[in-house]
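Chemist: Pasting a structure below so you can have a look.
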Amino acid sequence: MKLSSEEVKHIALLARLGLSEAEIEKFRVQLSNILENFEILKQVDTTDLPPTAQSIALQNVLRPDETKPSYPVEDILANAPQRDSNCFKTRAVLE
Amino acid sequence: MNDLHQLTISQAHQLLKEKKVSSVELTKATLARLIKVEDKVHACVTISEDAALEQAKEADKVISSGKIKPLTGIPTLIKDNMCTKGIKTTCSSKILENFIPPYDATVIEKLKADNAVILGKTNMDEFAMGSSTENSAFFPTRNPWDLDRVRGGSSGGSVVAVATDEAIYALGSDTGGSIRQPAGFCSVVGFKPTYGRVSRFGLVAFASSLDQIGPITKTVADCALVLNAIAGHDPRDSTSAPHPVPDYNKALIPELKNLRLGIPKEYFVEGMQNEVRASTEAAINKLKELGAKVDWDASLPRTKHALAVYYILAPSEASANLARYDGVKYGFSYQDTNNMWEAMEKTKQFGFGAEVKRRIMLGTYALSAGYYDAYYLKAQKVRTLIRREFDQAFEKYDALITPTSPTVPFKIGEKVDDPMQMYLSDVCTLPINIAGLPAISIPAGFADGLPMGMQIIGKPFDEETILRIAFAYEQATDWHKRKPPI
C-alpha cells in the first residue's frame, strides 16, 4: 500500500492536523510501510465473525436520572486559552 | 535511619504503624533520594514537595488516631496522564504543558482517601504512545541499569522511579504493555489488571478500549496492597466492571501445586535474544519446581496478527480521543490567526510530537470512508478471534507464561526513526490488552547484565492466580533484591 502525498494531505485534513511539507513526505513513507505490515490481516478469514469493540461484556450501562452538583464554572474556565465573561471564546465559525 | 527510601510498602507500613518512623520523616527521606538521583535518570516532570509534606503531616495525624491503612503516609509517584487536582497533568506533551486539572482521577481520590503521599508526576511517552519514553516532549528518562539504554515505555518515569527508590511505589497505565515492558526493562513489578478492574475516570484517554491503570512496585506483596486500594467499580467509568473485588493479600500463597501453566510457543519469537530465551526457560523451570504443571506446547497461533490489530485499533481510538485538543477549552492554543480551521490545525501541528501525529494519521486513515471495513472493522473481527483463542487456552491452563519482551533494553535513539522496529518491542505484551486480560511482569533474571521480565497472563478478573504465581516465584528467587548501580 503506497500512499501519495495527496492522500497524506487528505488524511491530515480529515484530522484537522497541520503538517509541514517535510512531515508530509516523512509520514508518506512511514505510513506506507506500516500499512504494508497490516496486509497480514488479509490472510485471516473473518466471515460471519462479530467485531469486538471492547473486551468485557457490558452493554447499555445506565444510571439513575438524578441531578448532582457540577464543577464550578470558574474551575472549568481556569484552563481556557481565551474567555469572555462566563464563556469559552472561540473564532467565528461562519464568516 | 538514612535509607528509608529503600523500604517496601509492607516494611514502611510496619514502621509507621509501630510509630518508629513518621510519614514526614519517610517523605523527607524519599524526597531527598528523589532529588539526588533525578539529575541522572529524569523520571519526574513535576515534583510537588509542599503538597506532599502537607499530606504527610495529615497522614501522621491519621496514624496517631489509630486509623492507619496499608498505604497511609507512604510516598508515591503518579504517571503524568492521571488527573491530579491543582497539580499539572501534562501527558509529557506540549499541548498540555500548563494544564491544571480541576478534579482528581478516581485512583487519585482513592489514594488520597487512604492518606497516601503524592510526591509528584512522572515522565512518559507523549500521551502514552511509545515504548521507550523517548517520545516525551520534555526529555527522555534514563535506564538506571545503563544510562545509555531506554527504560521502556510508556510508563518509563514511574518504573525508573520505583527502581531507583525515588518513590516507594508508583502508578502507571498500560495500553499495549506500557506498565509491563518498562517494568521488565528495569527489574520491578508491573501489573496490568483486567480491563474494567480499575476505573479510568480521570485517566487522559489514549485508546479507551485498551487503557488500564495499574501498580508498579518493588515486590509482589506490595502490588497486592496497591491493587486492593485502587480496584473496584466506579459509576463515572461505564466500562468499569461491577464485580466484587477480593482481598488480594489472600492470594499470596507461596506454592503452585496442581496449577496448570501453558507456555505459548508463539511468544518465543524469531529475533528473540538467546539470553532472554534461556532466562525465561530457567524461570519456568523454577515454577515447575514449585509444583506447577508446565505444558511447553501451548499454542496461540493468532499471536502473529496481534501487532497489526493493535496498530489499527489503538491509533483509531487515539485519533478520535485526541480530536478534543482544539485549543478552545484548555491546553496549548495557536493564537496568530482569525481563521478557526487554521487555529485548530496549527494548535495540533505545534502542540503534538511526531509519534502522536503519526498515530492520529494512521487512525484517521483506518477509520476513513473506503478504508473502514478493510482496516478498522477487520481488526475488530480479528480481535474477536484473539480473545476466543485465549478463552480456549484458559480451559486448559490456569495461567500462561511468556517473556515480557523479546530483548533486553535497546540503546537510546536506536529505534526512534524506525516506528515498525519500535512497535515490535511490545509484541509479547499487546495481545493481552487486545483480549482485555490481566498480566504482570516480574523480575526474572538478567541477560548481558541487563534485566529481563517474566510475564504471567491470567483469566479475566482472576488477578489472584497471577499474584500467587508471581509471589511464589519471588519468594524462591532474589532477582527483585538486585538494585541498579545508581
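Residue numbering restarts at 1 for every chain of the C-alpha cells, chains are lettered A, B, ... in their displayed order, and ligands are numbered from 1 as they appear.
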What lies within 6 Å of Asp165 of chain B using only C-alpha atoms, ignoring chain neighbours under 3 positions off, as a ChimeraX atom specification?
Modeler: /B:5-6,162
Chemist: Show me which bits of chain A are within 8 Å of chain B, counting only C-alpha atoms, as a PyMOL selection string.
Modeler: chain A and resi 11-12+14-19+27+30-31+34+37-38+40-41+44+46+49-56+58+61+63+75-77+79-82+88-93
Chemist: Kindly export the residues of the current selection with N, CA and C atoms, as a CSV table (one decimal), in the first residue's frame.
Modeler:
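Produced file out_3.csv, reproduced below:
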```
chain,number,residue,atom,x,y,z
A,11,ILE,N,-5.8,12.9,4.5
A,11,ILE,CA,-6.0,12.4,5.9
A,11,ILE,C,-5.7,13.5,6.9
A,12,ALA,N,-4.7,14.3,6.7
A,12,ALA,CA,-4.4,15.4,7.6
A,12,ALA,C,-5.6,16.4,7.7
A,14,LEU,N,-8.8,15.6,7.2
A,14,LEU,CA,-9.8,14.9,7.9
A,14,LEU,C,-9.6,15.0,9.4
A,15,ALA,N,-8.3,15.0,9.8
A,15,ALA,CA,-7.9,15.0,11.2
A,15,ALA,C,-7.8,16.5,11.7
A,16,ARG,N,-7.9,17.4,10.8
A,16,ARG,CA,-7.6,18.8,11.1
A,16,ARG,C,-6.2,19.0,11.8
A,17,LEU,N,-5.3,18.3,11.2
A,17,LEU,CA,-3.9,18.3,11.7
A,17,LEU,C,-3.0,19.0,10.7
A,18,GLY,N,-2.4,20.1,11.1
A,18,GLY,CA,-1.5,20.8,10.2
A,18,GLY,C,-0.2,20.0,10.1
A,19,LEU,N,0.4,19.9,8.9
A,19,LEU,CA,1.7,19.2,8.7
A,19,LEU,C,2.6,20.1,7.8
A,27,PHE,N,5.8,11.1,6.7
A,27,PHE,CA,4.6,10.3,7.0
A,27,PHE,C,4.2,9.4,5.8
A,30,GLN,N,6.6,6.5,6.0
A,30,GLN,CA,6.4,5.7,7.2
A,30,GLN,C,5.0,5.0,7.2
A,31,LEU,N,4.0,5.8,6.9
A,31,LEU,CA,2.7,5.2,6.9
A,31,LEU,C,2.5,4.1,5.9
A,34,ILE,N,4.0,1.0,7.4
A,34,ILE,CA,3.2,0.5,8.4
A,34,ILE,C,2.0,-0.2,7.8
A,37,ASN,N,2.6,-3.6,6.6
A,37,ASN,CA,2.6,-4.7,7.7
A,37,ASN,C,1.2,-5.1,8.1
A,38,PHE,N,0.2,-4.3,7.7
A,38,PHE,CA,-1.2,-4.7,8.1
A,38,PHE,C,-1.8,-5.7,7.1
A,40,ILE,N,-1.1,-8.5,6.5
A,40,ILE,CA,-1.1,-9.8,7.1
A,40,ILE,C,-2.6,-10.2,7.5
A,41,LEU,N,-3.4,-9.2,7.8
A,41,LEU,CA,-4.7,-9.5,8.3
A,41,LEU,C,-5.6,-10.0,7.2
A,44,VAL,N,-6.6,-13.7,7.2
A,44,VAL,CA,-7.5,-14.2,8.2
A,44,VAL,C,-8.9,-14.2,7.7
A,46,THR,N,-12.6,-13.9,8.3
A,46,THR,CA,-13.4,-13.3,9.3
A,46,THR,C,-14.9,-13.4,8.9
A,49,LEU,N,-17.9,-13.4,11.5
A,49,LEU,CA,-17.4,-13.1,12.9
A,49,LEU,C,-17.9,-11.7,13.3
A,50,PRO,N,-18.4,-11.7,14.6
A,50,PRO,CA,-18.8,-10.3,15.1
A,50,PRO,C,-17.6,-9.5,15.5
A,51,PRO,N,-17.6,-8.2,15.3
A,51,PRO,CA,-16.4,-7.4,15.8
A,51,PRO,C,-16.5,-7.3,17.3
A,52,THR,N,-15.3,-7.1,17.9
A,52,THR,CA,-15.2,-6.8,19.3
A,52,THR,C,-14.8,-5.4,19.5
A,53,ALA,N,-15.6,-4.6,20.2
A,53,ALA,CA,-15.3,-3.2,20.4
A,53,ALA,C,-14.6,-3.0,21.7
A,54,GLN,N,-14.9,-3.8,22.7
A,54,GLN,CA,-14.2,-3.8,24.0
A,54,GLN,C,-14.4,-5.2,24.6
A,55,SER,N,-13.5,-5.5,25.6
A,55,SER,CA,-13.3,-6.9,26.0
A,55,SER,C,-14.2,-7.4,27.1
A,56,ILE,N,-15.0,-6.5,27.8
A,56,ILE,CA,-15.9,-7.0,28.8
A,56,ILE,C,-17.3,-6.8,28.3
A,58,LEU,N,-20.2,-5.7,28.9
A,58,LEU,CA,-21.1,-4.8,29.5
A,58,LEU,C,-21.8,-4.0,28.3
A,61,VAL,N,-24.9,0.6,29.8
A,61,VAL,CA,-24.8,0.9,31.3
A,61,VAL,C,-25.6,2.1,31.5
A,63,ARG,N,-27.6,4.9,34.4
A,63,ARG,CA,-27.6,5.4,35.7
A,63,ARG,C,-28.9,6.1,36.0
A,75,ASP,N,-13.7,27.0,37.9
A,75,ASP,CA,-12.7,25.9,37.8
A,75,ASP,C,-12.5,25.4,36.4
A,76,ILE,N,-13.7,25.3,35.7
A,76,ILE,CA,-13.6,24.8,34.3
A,76,ILE,C,-13.0,25.8,33.4
A,77,LEU,N,-13.3,27.1,33.6
A,77,LEU,CA,-12.8,28.1,32.7
A,77,LEU,C,-11.3,28.5,33.0
A,79,ASN,N,-8.6,26.9,32.7
A,79,ASN,CA,-7.7,26.5,31.7
A,79,ASN,C,-8.0,27.1,30.3
A,80,ALA,N,-9.0,27.9,30.2
A,80,ALA,CA,-9.4,28.4,28.9
A,80,ALA,C,-8.3,29.3,28.3
A,81,PRO,N,-7.9,29.0,27.1
A,81,PRO,CA,-6.9,29.9,26.4
A,81,PRO,C,-7.5,31.3,26.3
A,82,GLN,N,-8.8,31.4,25.9
A,82,GLN,CA,-9.4,32.7,25.8
A,82,GLN,C,-10.8,32.6,26.4
A,88,PHE,N,-16.3,30.2,27.0
A,88,PHE,CA,-15.0,30.0,26.2
A,88,PHE,C,-15.2,30.9,25.0
A,89,LYS,N,-14.1,31.6,24.6
A,89,LYS,CA,-14.1,32.4,23.4
A,89,LYS,C,-13.5,31.7,22.3
A,90,THR,N,-14.2,31.6,21.2
A,90,THR,CA,-13.6,31.0,20.0
A,90,THR,C,-13.7,31.9,18.8
A,91,ARG,N,-13.1,31.4,17.7
A,91,ARG,CA,-13.2,32.3,16.5
A,91,ARG,C,-14.5,32.0,15.8
A,92,ALA,N,-14.9,32.9,14.9
A,92,ALA,CA,-16.2,32.8,14.2
A,92,ALA,C,-16.2,31.5,13.4
A,93,VAL,N,-17.3,30.7,13.5
A,93,VAL,CA,-17.4,29.5,12.7
A,93,VAL,C,-17.9,29.9,11.3
```
Chemist: Using DSSP assignments from the backbone, pull out every residue in segment 52-124 of chain B that falls under strand (DSSP E or B) and give it to me as a ChimeraX atom specification.
Modeler: /B:75-79,82,84,87,117-122
Chemist: What lies within 10 Å of segment 18-25 of chain B using only C-alpha atoms, ignoring chain neighbours under 6 positions off, as a tab-separated table (two decimals) with N, CA and C atoms, in the first residue's frame?
Modeler:
```
chain	number	residue	atom	x	y	z
B	1	MET	N	17.80	6.41	60.73
B	1	MET	CA	17.70	5.58	59.52
B	1	MET	C	17.87	6.43	58.27
B	4	LEU	N	15.53	5.07	54.40
B	4	LEU	CA	14.08	4.84	54.43
B	4	LEU	C	13.49	4.69	53.04
B	12	ALA	N	7.46	-0.22	55.23
B	12	ALA	CA	7.19	1.15	55.67
B	12	ALA	C	5.93	1.19	56.53
B	31	LEU	N	12.03	12.13	49.33
B	31	LEU	CA	12.26	13.32	48.50
B	31	LEU	C	13.75	13.61	48.33
B	52	ALA	N	3.15	17.41	49.14
B	52	ALA	CA	3.48	16.10	49.70
B	52	ALA	C	3.72	16.19	51.21
B	53	LEU	N	4.44	17.23	51.64
B	53	LEU	CA	4.71	17.36	53.07
B	53	LEU	C	3.44	17.65	53.86
B	54	GLU	N	2.51	18.42	53.24
B	54	GLU	CA	1.21	18.64	53.89
B	54	GLU	C	0.47	17.31	54.05
B	55	GLN	N	0.48	16.51	52.97
B	55	GLN	CA	-0.21	15.22	53.02
B	55	GLN	C	0.45	14.31	54.07
B	56	ALA	N	1.76	14.40	54.20
B	56	ALA	CA	2.47	13.57	55.18
B	56	ALA	C	2.08	13.97	56.61
B	57	LYS	N	1.97	15.28	56.84
B	57	LYS	CA	1.54	15.75	58.18
B	57	LYS	C	0.14	15.23	58.50
B	58	GLU	N	-0.72	15.34	57.50
B	58	GLU	CA	-2.10	14.86	57.66
B	58	GLU	C	-2.10	13.36	57.96
B	59	ALA	N	-1.26	12.62	57.22
B	59	ALA	CA	-1.18	11.16	57.42
B	59	ALA	C	-0.72	10.84	58.84
B	60	ASP	N	0.24	11.62	59.35
B	60	ASP	CA	0.71	11.37	60.71
B	60	ASP	C	-0.41	11.55	61.74
B	61	LYS	N	-1.29	12.54	61.48
B	61	LYS	CA	-2.44	12.72	62.40
B	61	LYS	C	-3.35	11.50	62.36
B	63	ILE	N	-2.53	8.49	61.56
B	63	ILE	CA	-1.85	7.35	62.19
B	63	ILE	C	-1.94	7.47	63.72
B	64	SER	N	-1.77	8.70	64.23
B	64	SER	CA	-1.89	8.92	65.68
B	64	SER	C	-3.26	8.52	66.19
B	72	THR	N	-1.35	4.41	53.95
B	72	THR	CA	-1.33	5.68	54.68
B	72	THR	C	0.10	6.14	54.96
B	73	GLY	N	0.36	7.38	54.56
B	73	GLY	CA	1.64	8.00	54.88
B	73	GLY	C	2.79	7.58	54.00
B	74	ILE	N	2.52	6.78	52.97
B	74	ILE	CA	3.62	6.23	52.15
B	74	ILE	C	3.74	6.99	50.83
B	75	PRO	N	4.96	7.47	50.50
B	75	PRO	CA	5.16	8.31	49.31
B	75	PRO	C	5.06	7.54	47.99
B	116	ALA	N	-2.50	8.56	51.27
B	116	ALA	CA	-1.21	8.36	50.61
B	116	ALA	C	-0.53	9.71	50.43
B	117	VAL	N	0.78	9.71	50.17
B	117	VAL	CA	1.54	10.95	49.98
B	117	VAL	C	2.03	10.99	48.54
```
